[in-house]
Structures are given as structure tokens and as C-alpha cells.
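Student: Handing you this structure, nothing more for now.
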Amino acid sequence: MSTTRELLRRRMLRKDGVVKSYSVAEVAEHTKPHDAWVIIAGKVYNISGFNNHPGGFDVLEQCAGKDVTDAFSVNHPETVVDQMTTYYLGDVEDAKEPSAVIRDFHELDQEFKSSGLYKTEYSFYVKQMVWLSFLFSLVLIPFTIAEQNIYTITLSACALGIFWQQWAFIGHDIGHNAIFHDRAFGDYIGSLVVIVFFGVSGQWWKRNHNVHHIVTNSIQGDPDIQYLPLFAVDSRMIKGFYSIYHKTRFVFDAAARYLVSMQHILYIPVMALARHNLYLQSWIFALTGRGVRNRAVEVACLLVYALWLAELTLRVEEGFGLYWWFLSHAVCGILHVQITLSHFSMECFENAAGTIHRSADDDFVKHQLATSLDVDCSTWMDWFHGGLQYQVVHHLWPQIPRHNTRLVRDKFLIPLCEKHGLTYNSLPFFEAIAKTLTHMKQQANVAWKTEPGSSMMVQAMNLEG
């Protein structure tokens, strides 16, 4: 981070040698899409016209008027600094000094870069390709070398669900530039390979997921916890809330009251079916989304995926078709459990003025520690969790390759927390699920005792995307 600060200081001096100064309060006034300023490393930038931001304009909109130094640093390569002169306005005259925690966080980031922890071991991903090929060969058994019966169809469906789950981990790594460390190349690979085999739009996922990383567990901002009328992971959601991401108000109506009051029961069944919603969201976004990068490639790859999946489905003998389809998608539902249990039971917050964090006194490290839950597992189970088990590490350093996250947690993150007296939350997988279900039942009890408002059932399918 110190390197980023120095690069900014050297490259952002105006040609006349005069640097204009702004107060934090002045920057906080510029929060509209057509008038959006941000603070990065003590510098002020006008990002109002940056409509082609690779991560989507949605994430910029939520950052407007705020200091996003650390969120920017961990999600961008230092080469991006060269592209920022166009947006530079001046310096912040009253910028808050980084806390001791943040200073140590910056030092660790520099240590990771100098020691090679950001470098990808491509042999790891070669092994992943061999593993994925083996899984797909199991999928094809009842269509090639064996007759179709309950055993071969079950094996095929389970293998396909795990195949999708494992491809999701690859897509996740690519989406965070944690494999190729080249955004443009990663976008094409993500489309050409991941979408063809996983069936979900990479660009839709990035728009959604990038916002989640910036405002993790924000009631108004984080789309990954906004699931009314099905789920309410915080009692403050039950009064209804406006979603900055979806540009709509989520209303707690009679249907929501009924569903949320049973959310701890519905959680696993909904996760088993959730993949179908990803198909819907992918097609809506690919066809109608604003500023979709590589739109034609995305649509073509979604079509290829639909064709091969339809071909296999039609080859399943009568009586087994629905079973094969729903079992494969239910097995992949494990992925949705893995994603949601990292945040559903953790602290949520309502947006505060002038910050992307929980409050003006909060910081990037404390924010991510409070809103993310890690899953403790043995090394031999790392394949099953695909890096998602180290959610705190991933949120703090999203471009660290998956194969280095265990080392970063054990050698650097836990000692950082111990040094500064910070709480690091980690539970075994089934205990994490139990914590999630317990938390959801608590919110369900609150929902049942709350009088509903007006109806808005369109939210049930989250058609806003």
C-alpha cells in the first residue's frame, strides 16, 4: 500500500505544480452518479464519467463521496495508477491517518508482493483441469459405457453437481484476477471456458460480487444478503429497506412475513434450487444489462452451455430425466450453502455517511473480520471448499491465489488479529451451518411477531437482477 501511495504522489502532481486541496466533508457531498468523487490514498478523484469501469459502475456508485483506499488497493493492480490521472482533482487536506491495524495490513500486503504470494502456481490449475476432466467422465458413464439405471444415473448426477461446484471455484479465482492477473484476458477466459461449463454469466457475477466485496453485509448496499421476501438475515431488514444495488425498495409484506418466519426451514431446500435463479439472472443480464463487456461472447457461451446440458438431459431414459436434473442441481446447491454461510450469520450494518464501512471509526480490516466467517477444515478437504473456507483472507486480499490462502491465514492473518486484539471467526463446516440456521431462526421469530406492510411479490424472483 505504501508503494501505491508513493506512486500516486509522484504521478498526480499537476503540470503547474499547484495541487488543489479538499476536505473530507467536501468530498462527501459528491455522491450522485453524475457527480461522484472518491478518496484514494489521500487523493481526490472525480469518477462521474467512468461508465466503462471493468467492475461495473454499480460499485463506483456505492463508493461515491467516500474514502475507498484499501478497498481500491486490494482489488486493483498497481498498473491502474497510470490510468487515474484523468480523474485526479487534488489532495485531501484533513485525511485521517491510518490506524496501527491498517499500517500493519499495508506492510503485510507489501510483504506478500515481495515474497511471491501473489504469484500463481499454474501446476495447481493443471491439476484442477485433470480433476474436472475426471468428474465429467463420470457424468458421461450412463451415456457411453454403461446402461442407465438408478446407480449410474445417480453417479452421473452427483458428479455433474460437483463438476459445477468445482468450476465455480475456478470462475471465482479468474473473476478476482487471482490466476492470470490480467483482467481483460481473464474476462475472455471466464466467458469461453467457465460459462461454457458452468452456465452462469461471468459479467453478471462480477457486477454483483464486486459490490459485495466493497460493502460486505451492508443492509442497503450488499446484494448478496438482499433476499426478501425469502430471507431476512438481520431484523432491521424486516421493516423494509431500499436497495442501492437493485434500485428498489424491498417491502416486508404478508408473503414475506410468512416465508421469512420459516426461513430456517426453507434455507437448505432453497439452496438446492438456487442454481436455476442463476440461469435466469445470467440471461437477463447478458441480454439486457447495461454496459455488458463481451456481450456477444457471453450470450454465445450461455447458448453452448444450454445446448450440451439439453443434449445430456434428453438422452436420459424416461423415468430418470427429472431425477437426474434435480439431483445434479441439488448437489451443486452445496456451493450456495458454502457462499452464504460465510456471511448470513455475521454482523450486518446500515450505511453510514462518508464511509463504506460500518461506521466512521471502522476500517477495512475490522469490517471484513466482523462480517465474514471462515470454515475450519483439514488440508485434505481444501478441494471441497475451493478457497471459500478462508473468506476473511479472501476479502482482505482477493487477488491472492487460492493455493496460498491457508498459508496467509496461519502465518499472517491470525498473528495480525492476535497482535491487535481482533476477533477472528472460524468454525468447522457443520457448525457453521448450525450457526447460520440458528441465526436465521432468531430472525424468523422476529418476523413472525412483526406486522407486514404492502405487497411486492416481484421481489420473490429478484427480477431486478
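Ligands are numbered from 1 in the order shown, chains are lettered A, B, ... in the order of the C-alpha cells, and residues start at 1 in each chain.
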Name all residues at most 8 Å from Ser345 in chain A (count only C-alpha atoms; drop same-chain ones fewer than 6 positions away) and give them as an NGL selection string.

Tutor: :A and (233 or 435-436 or 439-440)

Student: Would you export the selected residues with C-alpha atoms as a compact mmCIF listing (two decimals), in the first residue's frame, please?

Tutor:
```txt
# COMPACT_ATOMS: atom_id res chain seq x y z
CA VAL A 233 -30.61 -12.11 7.76
CA LYS A 435 -24.75 -21.16 13.37
CA THR A 436 -26.40 -19.94 10.16
CA HIS A 439 -29.29 -17.10 13.39
CA MET A 440 -31.96 -17.38 10.69
```

Student: Near Ser48 in chain A, within 9 Å and counting only C-alpha atoms, which residues show up once chain neighbours fewer than 5 positions away are dropped, as an MDAnalysis selection string?

Tutor: chainID A and resid 32:37 60:61 64 87

Student: Applying 12 Å and only C-alpha atoms, which residues near Arg295 in chain A remain after dropping the ones on its own chain fewer than 4 positions away? List them as a PyMOL selection string.

Tutor: chain A and resi 187-188+191-192+201-204+282-291+299-302

Student: Expressed in Å to a single decimal, how great is the separation between CA of Ile179 in chain A and CA of Phe136 in chain A?

Tutor: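 Value for the CA of Ile179 in chain A-CA of Phe136 in chain A distance: 22.4 Å.
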
Student: Under the rule that only C-alpha atoms are counted, which of A:Ile339, A:Ile214, A:Ile47, A:Ala25 is the nearest residue to Val59 in chain A?

Tutor: A:Ile214

Student: If you run DSSP over the backbone, which residues in range 182-408 of chain A end up strand (DSSP E)? Put them as a list in words.

Tutor: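 Taking range 182-408 of chain A and keeping strand (DSSP E) gives Phe241, Tyr242, Ser243, Thr248, Arg249, Phe250, Asp374, Val375 and Asp376 of chain A.
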
Student: Just the residues within 8 Å of Cys158 in chain A, please, counting only C-alpha atoms, with nothing from its chain fewer than 5 positions along; format it as a ChimeraX atom specification.

Tutor: /A:327-328,331

Student: With N, CA, C and O atoms retained, write the just-selected residues as a PDB file, in the first residue's frame.

Tutor:
```pdb
ATOM      1  N   LEU A 327     -31.357 -33.740  -9.062  1.00  0.00           N
ATOM      2  CA  LEU A 327     -30.291 -34.216  -8.182  1.00  0.00           C
ATOM      3  C   LEU A 327     -28.989 -33.491  -8.488  1.00  0.00           C
ATOM      4  O   LEU A 327     -28.272 -33.057  -7.574  1.00  0.00           O
ATOM      5  N   SER A 328     -28.659 -33.327  -9.763  1.00  0.00           N
ATOM      6  CA  SER A 328     -27.417 -32.638 -10.121  1.00  0.00           C
ATOM      7  C   SER A 328     -27.428 -31.194  -9.628  1.00  0.00           C
ATOM      8  O   SER A 328     -26.433 -30.690  -9.091  1.00  0.00           O
ATOM      9  N   VAL A 331     -27.156 -31.156  -5.726  1.00  0.00           N
ATOM     10  CA  VAL A 331     -25.781 -31.386  -5.267  1.00  0.00           C
ATOM     11  C   VAL A 331     -24.954 -30.117  -5.420  1.00  0.00           C
ATOM     12  O   VAL A 331     -24.178 -29.740  -4.527  1.00  0.00           O
TER      13      VAL A 331
END
```
